[in-house]
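A.B. asks: Input structure: entry-v9.cif, which contains mmCIF, C-alpha atoms.
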data_structure
loop_
_atom_site.group_PDB
_atom_site.id
_atom_site.type_symbol
_atom_site.label_atom_id
_atom_site.label_comp_id
_atom_site.auth_asym_id
_atom_site.auth_seq_id
_atom_site.Cartn_x
_atom_site.Cartn_y
_atom_site.Cartn_z
ATOM 1 C CA MET A 291 32.962 -41.035 37.057
ATOM 2 C CA LYS A 292 35.205 -42.507 34.366
ATOM 3 C CA GLU A 293 32.176 -43.438 32.299
ATOM 4 C CA TYR A 294 30.864 -39.891 32.699
ATOM 5 C CA ARG A 295 34.215 -38.442 31.546
ATOM 6 C CA LYS A 296 34.256 -40.740 28.531
ATOM 7 C CA HIS A 297 30.726 -39.686 27.641
ATOM 8 C CA LEU A 298 31.567 -35.981 28.049
ATOM 9 C CA THR A 299 34.686 -36.351 25.895
ATOM 10 C CA ALA A 300 32.680 -38.077 23.167
ATOM 11 C CA VAL A 301 30.095 -35.265 23.203
ATOM 12 C CA LEU A 302 32.770 -32.566 22.981
ATOM 13 C CA LEU A 303 34.486 -34.344 20.092
ATOM 14 C CA ALA A 304 31.144 -34.594 18.269
ATOM 15 C CA ILE A 305 30.493 -30.874 18.739
ATOM 16 C CA ILE A 306 33.986 -30.011 17.471
ATOM 17 C CA SER A 307 33.490 -32.256 14.429
ATOM 18 C CA ILE A 308 30.175 -30.610 13.580
ATOM 19 C CA ALA A 309 31.729 -27.128 13.887
ATOM 20 C CA VAL A 310 34.642 -28.118 11.651
ATOM 21 C CA LEU A 311 32.309 -29.599 9.036
ATOM 22 C CA ALA A 312 30.095 -26.506 9.136
ATOM 23 C CA GLY A 313 33.151 -24.316 8.629
ATOM 24 C CA CYS A 314 34.296 -26.464 5.733
ATOM 25 C CA ASN A 315 30.876 -26.318 4.130
ATOM 26 C CA SER A 316 30.767 -22.555 4.601
ATOM 27 C CA ASP A 317 34.237 -22.171 3.070
ATOM 28 C CA ALA A 318 33.237 -24.453 0.233
ATOM 29 C CA GLY A 319 30.177 -22.312 -0.425
ATOM 30 C CA LYS A 320 32.314 -19.200 -0.528
ATOM 31 C CA ALA A 321 34.890 -20.888 -2.749
ATOM 32 C CA SER A 322 32.204 -21.962 -5.208
ATOM 33 C CA GLY A 323 30.847 -18.406 -5.352
ATOM 34 C CA LYS A 324 27.426 -19.422 -4.024
ATOM 35 C CA SER A 325 25.546 -17.101 -1.674
ATOM 36 C CA ASP A 326 22.087 -16.920 -0.214
ATOM 37 C CA PRO A 327 19.508 -15.087 -2.376
ATOM 38 C CA LEU A 328 18.918 -11.447 -1.506
ATOM 39 C CA LYS A 329 15.686 -11.100 0.461
ATOM 40 C CA VAL A 330 13.381 -8.437 -0.977
ATOM 41 C CA HIS A 331 10.561 -7.314 1.315
ATOM 42 C CA ILE A 332 7.460 -6.361 -0.681
ATOM 43 C CA ALA A 333 4.363 -5.124 1.150
ATOM 44 C CA LEU A 334 0.765 -5.444 0.017
ATOM 45 C CA ASN A 335 -1.332 -2.437 1.004
ATOM 46 C CA GLY A 336 -4.822 -3.944 1.095
ATOM 47 C CA LYS A 337 -6.198 -6.947 -0.779
ATOM 48 C CA MET A 338 -6.575 -5.381 -4.239
ATOM 49 C CA GLY A 339 -4.154 -3.935 -6.769
ATOM 50 C CA PRO A 340 -1.584 -5.107 -9.312
ATOM 51 C CA LEU A 341 0.760 -6.482 -6.633
ATOM 52 C CA VAL A 342 -1.924 -9.002 -5.654
ATOM 53 C CA ILE A 343 -2.197 -10.059 -9.316
ATOM 54 C CA ALA A 344 1.583 -10.277 -9.642
ATOM 55 C CA LYS A 345 1.836 -12.482 -6.566
ATOM 56 C CA GLU A 346 -1.053 -14.741 -7.559
ATOM 57 C CA LYS A 347 0.096 -15.161 -11.174
ATOM 58 C CA GLY A 348 3.772 -15.603 -10.295
ATOM 59 C CA LEU A 349 4.779 -12.642 -12.438
ATOM 60 C CA PHE A 350 7.802 -11.837 -10.295
ATOM 61 C CA ASN A 351 9.375 -15.210 -11.042
ATOM 62 C CA GLU A 352 10.812 -14.359 -14.462
ATOM 63 C CA GLU A 353 12.191 -10.898 -13.677
ATOM 64 C CA PHE A 354 13.464 -11.668 -10.190
ATOM 65 C CA SER A 355 14.957 -15.080 -10.978
ATOM 66 C CA LYS A 356 17.582 -13.294 -13.076
ATOM 67 C CA LEU A 357 18.628 -11.285 -9.994
ATOM 68 C CA ASP A 358 19.062 -14.091 -7.444
ATOM 69 C CA THR A 359 16.405 -12.700 -5.113
ATOM 70 C CA GLN A 360 13.832 -14.140 -2.760
ATOM 71 C CA ILE A 361 10.612 -12.222 -2.064
ATOM 72 C CA GLU A 362 9.241 -11.975 1.456
ATOM 73 C CA TRP A 363 5.649 -10.722 1.480
ATOM 74 C CA SER A 364 3.829 -8.752 4.155
ATOM 75 C CA GLU A 365 0.352 -7.227 4.181
ATOM 76 C CA PHE A 366 -1.156 -4.125 5.783
ATOM 77 C CA GLN A 367 -4.695 -2.755 5.986
ATOM 78 C CA SER A 368 -3.507 0.782 5.296
ATOM 79 C CA GLY A 369 -0.479 2.998 4.744
ATOM 80 C CA PRO A 370 0.400 4.288 8.259
ATOM 81 C CA PRO A 371 1.334 0.873 9.736
ATOM 82 C CA LEU A 372 3.173 0.076 6.499
ATOM 83 C CA LEU A 373 5.253 3.229 6.987
ATOM 84 C CA GLU A 374 6.245 2.059 10.462
ATOM 85 C CA SER A 375 7.643 -1.171 9.009
ATOM 86 C CA LEU A 376 9.391 0.709 6.221
ATOM 87 C CA ALA A 377 11.093 2.974 8.751
ATOM 88 C CA SER A 378 12.359 -0.186 10.498
ATOM 89 C CA ASN A 379 13.767 -1.559 7.207
ATOM 90 C CA ARG A 380 11.110 -4.299 7.080
ATOM 91 C CA VAL A 381 9.641 -3.040 3.793
ATOM 92 C CA ASP A 382 11.682 -2.400 0.644
ATOM 93 C CA LEU A 383 9.024 -1.932 -2.054
ATOM 94 C CA SER A 384 5.314 -1.140 -1.943
ATOM 95 C CA PHE A 385 2.746 1.577 -2.685
ATOM 96 C CA LEU A 386 0.905 4.167 -0.589
ATOM 97 C CA GLY A 387 -2.257 6.210 -0.687
ATOM 98 C CA ASP A 388 -1.840 9.976 -0.682
ATOM 99 C CA GLY A 389 -2.380 10.392 3.068
ATOM 100 C CA ALA A 390 0.412 8.074 4.192
ATOM 101 C CA LEU A 391 2.591 9.250 1.315
ATOM 102 C CA ILE A 392 2.368 12.920 2.304
ATOM 103 C CA ALA A 393 2.783 12.198 6.020
ATOM 104 C CA GLY A 394 5.822 10.032 5.285
ATOM 105 C CA ILE A 395 7.499 12.736 3.217
ATOM 106 C CA ASP A 396 6.651 15.331 5.880
ATOM 107 C CA LYS A 397 8.381 13.157 8.502
ATOM 108 C CA ASN A 398 11.413 12.569 6.244
ATOM 109 C CA LEU A 399 10.903 8.812 6.275
ATOM 110 C CA PRO A 400 13.429 6.870 4.160
ATOM 111 C CA PHE A 401 11.606 6.236 0.893
ATOM 112 C CA GLU A 402 11.515 7.515 -2.664
ATOM 113 C CA VAL A 403 8.447 8.144 -4.827
ATOM 114 C CA ILE A 404 9.221 6.226 -8.020
ATOM 115 C CA ALA A 405 5.865 6.010 -9.854
ATOM 116 C CA GLN A 406 2.145 6.444 -9.336
ATOM 117 C CA THR A 407 -0.643 3.863 -9.066
ATOM 118 C CA GLY A 408 -3.340 5.943 -10.756
ATOM 119 C CA ARG A 409 -5.381 9.136 -10.542
ATOM 120 C CA GLY A 410 -7.611 7.882 -7.725
ATOM 121 C CA GLU A 411 -10.789 9.398 -9.143
ATOM 122 C CA SER A 412 -13.083 6.562 -8.082
ATOM 123 C CA SER A 413 -11.307 5.145 -5.061
ATOM 124 C CA VAL A 414 -12.601 7.076 -1.984
ATOM 125 C CA ARG A 415 -16.003 8.229 -0.730
ATOM 126 C CA ILE A 416 -17.740 9.388 2.456
ATOM 127 C CA LEU A 417 -20.484 6.961 3.419
ATOM 128 C CA ALA A 418 -23.527 7.724 5.553
ATOM 129 C CA GLN A 419 -26.012 5.270 7.051
ATOM 130 C CA ALA A 420 -28.574 4.300 4.414
ATOM 131 C CA LYS A 421 -31.478 4.899 6.801
ATOM 132 C CA GLY A 422 -29.904 7.804 8.668
ATOM 133 C CA ASN A 423 -30.593 11.526 8.525
ATOM 134 C CA ILE A 424 -27.312 12.548 6.854
ATOM 135 C CA LYS A 425 -28.083 13.537 3.278
ATOM 136 C CA GLN A 426 -25.259 15.959 2.469
ATOM 137 C CA ILE A 427 -21.775 16.890 3.695
ATOM 138 C CA GLU A 428 -23.138 19.797 5.762
ATOM 139 C CA ASP A 429 -25.181 17.284 7.800
ATOM 140 C CA LEU A 430 -21.940 15.789 9.171
ATOM 141 C CA LYS A 431 -21.618 18.656 11.657
ATOM 142 C CA GLY A 432 -21.643 17.210 15.167
ATOM 143 C CA LYS A 433 -21.793 13.643 13.861
ATOM 144 C CA THR A 434 -19.506 10.689 14.551
ATOM 145 C CA VAL A 435 -17.298 9.959 11.534
ATOM 146 C CA GLY A 436 -14.862 7.078 11.270
ATOM 147 C CA VAL A 437 -11.617 7.131 9.301
ATOM 148 C CA ALA A 438 -8.161 5.577 9.522
ATOM 149 C CA SER A 439 -5.971 8.497 10.555
ATOM 150 C CA GLY A 440 -3.285 9.440 8.071
ATOM 151 C CA THR A 441 -4.794 7.511 5.179
ATOM 152 C CA THR A 442 -6.145 8.536 1.794
ATOM 153 C CA GLY A 443 -9.622 8.433 3.372
ATOM 154 C CA HIS A 444 -8.480 10.995 5.953
ATOM 155 C CA VAL A 445 -7.183 13.340 3.259
ATOM 156 C CA TYR A 446 -10.385 12.961 1.244
ATOM 157 C CA LEU A 447 -12.489 13.749 4.335
ATOM 158 C CA ILE A 448 -10.504 16.912 5.138
ATOM 159 C CA LYS A 449 -10.743 18.146 1.544
ATOM 160 C CA ALA A 450 -14.461 17.326 1.295
ATOM 161 C CA LEU A 451 -15.256 19.123 4.554
ATOM 162 C CA LYS A 452 -13.255 22.151 3.418
ATOM 163 C CA ALA A 453 -15.185 22.275 0.131
ATOM 164 C CA HIS A 454 -18.392 22.579 2.167
ATOM 165 C CA GLY A 455 -17.170 25.116 4.734
ATOM 166 C CA LEU A 456 -16.395 22.638 7.515
ATOM 167 C CA THR A 457 -13.312 21.265 9.267
ATOM 168 C CA THR A 458 -12.611 18.150 11.312
ATOM 169 C CA ASP A 459 -13.279 20.271 14.409
ATOM 170 C CA ASP A 460 -16.944 20.316 13.351
ATOM 171 C CA ILE A 461 -17.279 16.519 13.581
ATOM 172 C CA LYS A 462 -16.530 13.770 16.117
ATOM 173 C CA LEU A 463 -13.630 12.013 14.422
ATOM 174 C CA ILE A 464 -12.954 8.388 15.383
ATOM 175 C CA ASN A 465 -9.654 6.802 14.299
ATOM 176 C CA LEU A 466 -10.380 3.250 13.120
ATOM 177 C CA GLN A 467 -8.653 0.873 10.729
ATOM 178 C CA PRO A 468 -10.960 -0.335 7.916
ATOM 179 C CA ASP A 469 -12.023 -3.691 9.381
ATOM 180 C CA ASP A 470 -12.796 -2.135 12.768
ATOM 181 C CA ALA A 471 -14.624 0.741 11.104
ATOM 182 C CA GLN A 472 -16.670 -1.749 9.076
ATOM 183 C CA ALA A 473 -17.914 -3.390 12.266
ATOM 184 C CA ALA A 474 -18.634 -0.014 13.878
ATOM 185 C CA PHE A 475 -20.520 1.212 10.811
ATOM 186 C CA GLU A 476 -22.607 -1.959 10.599
ATOM 187 C CA THR A 477 -23.628 -1.632 14.248
ATOM 188 C CA LYS A 478 -24.405 2.069 13.694
ATOM 189 C CA LYS A 479 -21.768 3.274 16.135
ATOM 190 C CA LEU A 480 -20.629 5.536 13.297
ATOM 191 C CA ASP A 481 -22.886 8.046 11.567
ATOM 192 C CA ALA A 482 -20.506 8.244 8.612
ATOM 193 C CA TRP A 483 -17.292 6.722 7.333
ATOM 194 C CA ALA A 484 -14.582 8.012 4.984
ATOM 195 C CA ILE A 485 -13.264 4.934 3.199
ATOM 196 C CA TRP A 486 -11.841 3.582 -0.036
ATOM 197 C CA ASN A 487 -12.744 0.647 -2.240
ATOM 198 C CA PRO A 488 -13.621 -2.161 -2.009
ATOM 199 C CA TYR A 489 -15.262 -1.154 1.271
ATOM 200 C CA TYR A 490 -17.382 1.723 0.062
ATOM 201 C CA LEU A 491 -18.953 0.066 -2.992
ATOM 202 C CA ASN A 492 -19.579 -3.164 -1.084
ATOM 203 C CA ASN A 493 -21.521 -1.278 1.590
ATOM 204 C CA ILE A 494 -23.537 0.608 -0.996
ATOM 205 C CA GLU A 495 -24.412 -2.546 -2.923
ATOM 206 C CA LYS A 496 -25.431 -4.307 0.306
ATOM 207 C CA GLY A 497 -27.790 -1.412 1.032
ATOM 208 C CA ASN A 498 -25.945 -0.393 4.197
ATOM 209 C CA ALA A 499 -24.797 3.009 3.001
ATOM 210 C CA VAL A 500 -25.149 5.938 0.641
ATOM 211 C CA ALA A 501 -22.245 7.995 -0.718
ATOM 212 C CA LEU A 502 -22.399 11.729 -0.013
ATOM 213 C CA LYS A 503 -21.949 14.074 -2.958
ATOM 214 C CA VAL A 504 -18.980 16.416 -2.792
ATOM 215 C CA LYS A 505 -18.506 19.734 -4.571
ATOM 216 C CA GLY A 506 -15.995 19.446 -7.390
ATOM 217 C CA LYS A 507 -13.793 16.453 -8.105
ATOM 218 C CA ILE A 508 -11.434 15.122 -5.438
ATOM 219 C CA LEU A 509 -8.660 12.889 -6.755
ATOM 220 C CA ALA A 510 -6.838 10.518 -4.422
ATOM 221 C CA PRO A 511 -3.770 9.350 -6.381
ATOM 222 C CA GLY A 512 -1.482 6.740 -4.881
ATOM 223 C CA ALA A 513 2.246 6.289 -5.398
ATOM 224 C CA ILE A 514 4.704 3.425 -5.775
ATOM 225 C CA ILE A 515 7.615 3.680 -3.373
ATOM 226 C CA ALA A 516 11.056 2.197 -2.687
ATOM 227 C CA ARG A 517 13.063 2.361 0.526
ATOM 228 C CA ASN A 518 16.044 4.692 0.074
ATOM 229 C CA GLY A 519 18.916 2.455 1.118
ATOM 230 C CA PHE A 520 17.526 -0.517 -0.759
ATOM 231 C CA ALA A 521 16.955 1.463 -3.969
ATOM 232 C CA GLU A 522 20.451 2.931 -3.900
ATOM 233 C CA GLU A 523 22.070 -0.477 -3.455
ATOM 234 C CA HIS A 524 19.814 -2.409 -5.839
ATOM 235 C CA PRO A 525 18.485 -0.133 -8.614
ATOM 236 C CA GLU A 526 18.141 -3.119 -10.956
ATOM 237 C CA ILE A 527 15.667 -4.747 -8.538
ATOM 238 C CA VAL A 528 13.628 -1.542 -8.296
ATOM 239 C CA GLU A 529 13.461 -1.415 -12.109
ATOM 240 C CA ALA A 530 12.411 -5.079 -12.223
ATOM 241 C CA TYR A 531 9.724 -4.342 -9.628
ATOM 242 C CA LEU A 532 8.292 -1.558 -11.793
ATOM 243 C CA LYS A 533 8.289 -3.819 -14.847
ATOM 244 C CA VAL A 534 6.364 -6.500 -12.983
ATOM 245 C CA TYR A 535 3.935 -3.966 -11.497
ATOM 246 C CA LYS A 536 3.139 -2.599 -14.961
ATOM 247 C CA LYS A 537 2.856 -6.108 -16.413
ATOM 248 C CA ALA A 538 0.334 -6.997 -13.709
ATOM 249 C CA ALA A 539 -1.587 -3.733 -14.238
ATOM 250 C CA ASP A 540 -1.737 -4.341 -17.990
ATOM 251 C CA TRP A 541 -2.862 -7.924 -17.425
ATOM 252 C CA GLN A 542 -5.663 -6.695 -15.157
ATOM 253 C CA ILE A 543 -6.861 -4.247 -17.822
ATOM 254 C CA GLU A 544 -6.831 -6.955 -20.490
ATOM 255 C CA ASN A 545 -8.365 -9.682 -18.285
ATOM 256 C CA PRO A 546 -10.958 -8.013 -16.038
ATOM 257 C CA ASP A 547 -13.009 -11.175 -15.532
ATOM 258 C CA GLU A 548 -10.106 -13.333 -14.339
ATOM 259 C CA ALA A 549 -8.684 -10.436 -12.306
ATOM 260 C CA SER A 550 -12.076 -10.017 -10.630
ATOM 261 C CA GLU A 551 -12.063 -13.712 -9.707
ATOM 262 C CA ILE A 552 -8.638 -13.340 -8.080
ATOM 263 C CA TYR A 553 -9.647 -10.262 -6.085
ATOM 264 C CA SER A 554 -12.953 -11.877 -5.121
ATOM 265 C CA LYS A 555 -11.092 -14.759 -3.482
ATOM 266 C CA GLU A 556 -8.894 -12.304 -1.578
ATOM 267 C CA THR A 557 -11.648 -9.956 -0.435
ATOM 268 C CA LYS A 558 -14.564 -12.428 -0.166
ATOM 269 C CA LEU A 559 -16.622 -9.936 -2.194
ATOM 270 C CA PRO A 560 -18.916 -10.780 -5.123
ATOM 271 C CA VAL A 561 -17.115 -10.973 -8.459
ATOM 272 C CA SER A 562 -19.555 -8.453 -9.947
ATOM 273 C CA THR A 563 -18.712 -5.890 -7.247
ATOM 274 C CA VAL A 564 -14.992 -6.342 -7.788
ATOM 275 C CA LYS A 565 -15.349 -6.000 -11.561
ATOM 276 C CA THR A 566 -17.230 -2.716 -11.140
ATOM 277 C CA ILE A 567 -14.366 -1.408 -9.004
ATOM 278 C CA ILE A 568 -11.458 -2.419 -11.231
ATOM 279 C CA THR A 569 -13.076 -1.285 -14.470
ATOM 280 C CA ALA A 570 -14.062 2.139 -13.115
ATOM 281 C CA GLU A 571 -10.482 3.369 -13.443
ATOM 282 C CA GLU A 572 -7.419 1.829 -15.048
ATOM 283 C CA PRO A 573 -4.109 1.698 -13.156
ATOM 284 C CA ASN A 574 -1.336 3.830 -14.634
ATOM 285 C CA ILE A 575 2.203 3.948 -13.211
ATOM 286 C CA PHE A 576 3.324 6.982 -15.238
ATOM 287 C CA PHE A 577 2.777 10.311 -13.507
ATOM 288 C CA THR A 578 0.067 12.536 -14.941
ATOM 289 C CA GLU A 579 -0.144 16.281 -14.436
ATOM 290 C CA ASP A 580 -3.617 16.138 -12.896
ATOM 291 C CA ALA A 581 -2.453 13.533 -10.366
ATOM 292 C CA ILE A 582 0.587 15.641 -9.459
ATOM 293 C CA LYS A 583 -1.662 18.692 -9.112
ATOM 294 C CA ALA A 584 -4.037 16.730 -6.867
ATOM 295 C CA GLN A 585 -1.139 15.651 -4.644
ATOM 296 C CA GLN A 586 0.027 19.238 -4.355
ATOM 297 C CA GLU A 587 -3.487 20.374 -3.429
ATOM 298 C CA SER A 588 -3.597 17.700 -0.731
ATOM 299 C CA ILE A 589 -0.220 18.810 0.620
ATOM 300 C CA ASP A 590 -1.301 22.455 0.768
ATOM 301 C CA THR A 591 -4.611 21.507 2.399
ATOM 302 C CA LEU A 592 -2.976 19.336 5.064
ATOM 303 C CA ALA A 593 -0.421 22.037 5.824
ATOM 304 C CA GLY A 594 -3.231 24.568 6.104
ATOM 305 C CA VAL A 595 -5.049 22.559 8.775
ATOM 306 C CA GLY A 596 -1.828 21.722 10.638
ATOM 307 C CA TYR A 597 -1.826 18.011 9.858
ATOM 308 C CA ILE A 598 1.713 18.314 8.442
ATOM 309 C CA LYS A 599 4.367 20.786 9.570
ATOM 310 C CA LYS A 600 4.550 22.787 6.349
ATOM 311 C CA SER A 601 3.791 22.595 2.653
ATOM 312 C CA PHE A 602 6.371 21.308 0.173
ATOM 313 C CA ASN A 603 6.718 20.893 -3.579
ATOM 314 C CA PHE A 604 5.610 17.368 -4.468
ATOM 315 C CA LYS A 605 7.493 17.337 -7.772
ATOM 316 C CA ASN A 606 10.760 17.694 -5.852
ATOM 317 C CA HIS A 607 10.091 14.316 -4.229
ATOM 318 C CA ILE A 608 9.513 12.347 -7.427
ATOM 319 C CA ASN A 609 12.446 10.272 -8.659
ATOM 320 C CA ASN A 610 11.831 9.332 -12.305
ATOM 321 C CA GLU A 611 15.233 7.664 -12.676
ATOM 322 C CA TYR A 612 14.002 4.110 -12.045
ATOM 323 C CA ILE A 613 10.925 4.268 -14.257
ATOM 324 C CA ASP A 614 12.895 5.942 -17.051
ATOM 325 C CA ASP A 615 15.585 3.254 -16.922
ATOM 326 C CA ALA A 616 13.019 0.459 -16.649
ATOM 327 C CA PHE A 617 11.090 1.542 -19.719
ATOM 328 C CA LYS A 618 13.778 3.588 -21.537
ATOM 329 C CA LYS A 619 11.500 6.559 -21.990
#
Give the structure from this file in structure tokens form.

C.D. replies:
Amino acid sequence: MKEYRKHLTAVLLAIISIAVLAGCNSDAGKASGKSDPLKVHIALNGKMGPLVIAKEKGLFNEEFSKLDTQIEWSEFQSGPPLLESLASNRVDLSFLGDGALIAGIDKNLPFEVIAQTGRGESSVRILAQAKGNIKQIEDLKGKTVGVASGTTGHVYLIKALKAHGLTTDDIKLINLQPDDAQAAFETKKLDAWAIWNPYYLNNIEKGNAVALKVKGKILAPGAIIARNGFAEEHPEIVEAYLKVYKKAADWQIENPDEASEIYSKETKLPVSTVKTIITAEEPNIFFTEDAIKAQQESIDTLAGVGYIKKSFNFKNHINNEYIDDAFKK
């Protein structure tokens, strides 16, 4: 028993010593002014885009090293699951397609629209089976169509159907994330699929699909976002993020071959396919009037079919403060 008590006393003294040392070290850290770097949660939305370039090339290092920050990366297949993480404060900075963007604003989720990603002229299409009997949008009536609900592909599908006198009630809509939809399309469980690049061009080039022609031009502009609380507390980090995003976008434009190699490794797609995608339309973070108009048309369309509660003015949700300060426009 005595030996046990001696052993127990020794253990307790060791624990107390460790606690005291830890407290001293903590106090010393505070006294020296040192603190842990601020963790910044940046989300990739898919495997292509300037953020992928910025991560691969280490472009955040210079700007963010000045701000004592540490980046924590996450990745999502599409915007809706990204929004869920943002609402839980697990995403601070990212970008969204127009579907998730509009739905997020409609639900008053805590983010600000701080820039755009581009016009989205070449990014989304409706695919039909290459050897199927669907030749035009009107042929979709009664057919099984896959799309990730709430995404830019969903918005494009609604607008395309409307342009041809149809609604989603005229089709059998299946909610599938891109990778699941890819498998379903390949096994012909889907007659058609509303999807963005790199999926749509890859399927066309492989001979699996044809893209259906749509009346008029449907733009699918994306937007760069920042979580409200984070942006208010750290505007300098939001500005640095925009600078890096633009630097990566400019680098991609100037180095399409190397950029295609980077994206090819991420997507496992042929370099030639990737190059076709990234040279079809240049990224541009500064809002353009046609992109704003396209967003407003999407908002009005989604309100009209009851997908969102009511229409709203998109311009009222753009905060140009960060981009203006970042680039002193």

A.B. asks: Given the file above and the PyMOL selection byres ((chain A and resi 341) around 9), which residues are selected, and can you give them as a short mmCIF file (atom, residue, chain, number, x, y, z; two decimals) with C-alpha atoms, keeping the file's coordinate frame?

C.D. replies:
data_model
loop_
_atom_site.label_atom_id
_atom_site.label_comp_id
_atom_site.auth_asym_id
_atom_site.auth_seq_id
_atom_site.Cartn_x
_atom_site.Cartn_y
_atom_site.Cartn_z
CA ILE A 332 7.46 -6.36 -0.68
CA ALA A 333 4.36 -5.12 1.15
CA LEU A 334 0.76 -5.44 0.02
CA ASN A 335 -1.33 -2.44 1.00
CA MET A 338 -6.58 -5.38 -4.24
CA GLY A 339 -4.15 -3.94 -6.77
CA PRO A 340 -1.58 -5.11 -9.31
CA VAL A 342 -1.92 -9.00 -5.65
CA ILE A 343 -2.20 -10.06 -9.32
CA ALA A 344 1.58 -10.28 -9.64
CA LYS A 345 1.84 -12.48 -6.57
CA GLU A 346 -1.05 -14.74 -7.56
CA SER A 384 5.31 -1.14 -1.94
CA VAL A 534 6.36 -6.50 -12.98
CA TYR A 535 3.94 -3.97 -11.50
CA ALA A 538 0.33 -7.00 -13.71
CA ALA A 539 -1.59 -3.73 -14.24
#

A.B. asks: How far is it from CA of Ala516 in chain A to CA of Ile395 in chain A, in Å with one decimal?

C.D. replies: 12.6 Å

A.B. asks: Would you pick out the contacts of Gly408 in chain A at 6 Å or less, using all atoms listed in the file, so that residues sharing its chain but fewer than 2 positions from it are not included, and give the list as a PyMOL selection string?

C.D. replies: chain A and resi 406+410+511+573-574

A.B. asks: Decode the PyMOL selection byres ((chain A and resi 434) around 9) for the given file into explicit residues and return them as a ChimeraX atom specification.

C.D. replies: /A:430-433,435-436,461-464,479-483

A.B. asks: List the residues selected by the PyMOL selection byres ((chain A and resi 414) around 6) in the file shown, writing them as a ChimeraX atom specification.

C.D. replies: /A:413,415,485-486

A.B. asks: For a test of reading the model, state the distance in Å between CA of Lys503 in chain A and CA of Ile427 in chain A, rounded to one decimal.

C.D. replies: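 Atom-to-atom, CA of Lys503 in chain A and CA of Ile427 in chain A are spaced 7.2 Å apart.
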
A.B. asks: Using all atoms listed in the file, which of A:Leu592, A:Val403, A:Ala418, A:Ala438 sits nearest Gln467 in chain A?

C.D. replies: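 Of the candidates, the smallest distance to Gln467 in chain A is held by A:Ala438.
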
A.B. asks: What is the CA of Lys536 in chain A-CA of Pro468 in chain A distance in Å, reported with one decimal?

C.D. replies: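 Atom-to-atom, CA of Lys536 in chain A to CA of Pro468 in chain A, that is 27.0 Å.
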
A.B. asks: Find the spatial neighbours of Glu544 in chain A, counting all atoms listed in the file, within a cut-off of 12 Å - ignore same-chain residues fewer than 6 positions away - and output them as a PyMOL selection string.

C.D. replies: chain A and resi 537-538+550+568-569+572-573

A.B. asks: Selected residues, C-alpha atoms, written as a PDB file, in the coordinates of the input, please.

C.D. replies:
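The resulting file, result.pdb, is shown below:
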ATOM      1  CA  LYS A 537       2.856  -6.108 -16.413  1.00  0.00           C
ATOM      2  CA  ALA A 538       0.334  -6.997 -13.709  1.00  0.00           C
ATOM      3  CA  SER A 550     -12.076 -10.017 -10.630  1.00  0.00           C
ATOM      4  CA  ILE A 568     -11.458  -2.419 -11.231  1.00  0.00           C
ATOM      5  CA  THR A 569     -13.076  -1.285 -14.470  1.00  0.00           C
ATOM      6  CA  GLU A 572      -7.419   1.829 -15.048  1.00  0.00           C
ATOM      7  CA  PRO A 573      -4.109   1.698 -13.156  1.00  0.00           C
TER       8      PRO A 573
END

A.B. asks: Pick from A:Glu476, A:Asp590, A:Glu529, A:Glu548: nearest to Asp615 in chain A, with only C-alpha atoms counted?

C.D. replies: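 Nearest to Asp615 in chain A: A:Glu529.
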
A.B. asks: Using only C-alpha atoms, determine which residues lie at most 6 Å from range 488-500 of chain A, disregarding the query and same-chain residues fewer than 3 positions distant; provide the list as an NGL selection string.

C.D. replies: :A and (417-420)

A.B. asks: Next, write the just-selected residues to a file, as an mmCIF file, in the frame of the given file, keeping C-alpha atoms as the atom set.

C.D. replies:
data_model
loop_
_atom_site.group_PDB
_atom_site.id
_atom_site.type_symbol
_atom_site.label_atom_id
_atom_site.label_comp_id
_atom_site.auth_asym_id
_atom_site.auth_seq_id
_atom_site.Cartn_x
_atom_site.Cartn_y
_atom_site.Cartn_z
ATOM 1 C CA LEU A 417 -20.484 6.961 3.419
ATOM 2 C CA ALA A 418 -23.527 7.724 5.553
ATOM 3 C CA GLN A 419 -26.012 5.270 7.051
ATOM 4 C CA ALA A 420 -28.574 4.300 4.414
#

A.B. asks: Need the shell around Val330 in chain A: protein/DNA/RNA residues with any atom at most 9 Å away, counting all atoms listed in the file. Skip same-chain ones fewer than 3 positions apart. Format as an NGL selection string?

C.D. replies: :A and (359-363 or 381-383 or 520 or 527)

A.B. asks: With distances taken over all atoms listed in the file, which of A:Ala473, A:Thr407, A:Lys329, A:Ala530 is nearest to Thr578 in chain A?

C.D. replies: A:Thr407

A.B. asks: I'd like the neighbourhood of Thr591 in chain A as number ranges by chain, where a residue qualifies if any of its atoms comes within 9 Å (using all atoms listed in the file), though same-chain residues fewer than 5 positions away should be ignored.

C.D. replies: A: 445, 448-449, 452, 586, 596-597, 601

A.B. asks: Using only C-alpha atoms, find each residue in range 394-457 of chain A having at least one atom no more than 12 Å away from range 364-368 of chain A; report its shortest atom-to-atom pair and that distance in Å (one decimal), rows by chain then rising number, as a tab-separated table.

C.D. replies:
residue	atom	partner	partner_atom	distance
A:Val437	CA	A:Ser368	CA	11.1
A:Ala438	CA	A:Ser368	CA	7.9
A:Ser439	CA	A:Ser368	CA	9.7
A:Gly440	CA	A:Ser368	CA	9.1
A:Thr441	CA	A:Ser368	CA	6.9
A:Thr442	CA	A:Ser368	CA	8.9
A:Gly443	CA	A:Ser368	CA	10.0
A:His444	CA	A:Ser368	CA	11.4

A.B. asks: Kindly indicate which residue among A:Ala549, A:Pro560, A:Ile424, A:Ile575 lies nearest to Phe385 in chain A, using only C-alpha atoms for the distances.

C.D. replies: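 Once distances to Phe385 in chain A are computed over only C-alpha atoms, the minimum belongs to A:Ile575.
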
A.B. asks: Using all atoms listed in the file, which residue out of A:Leu391, A:Leu373, A:Leu357, A:Ile508 lies closest to Glu411 in chain A?

C.D. replies: A:Ile508
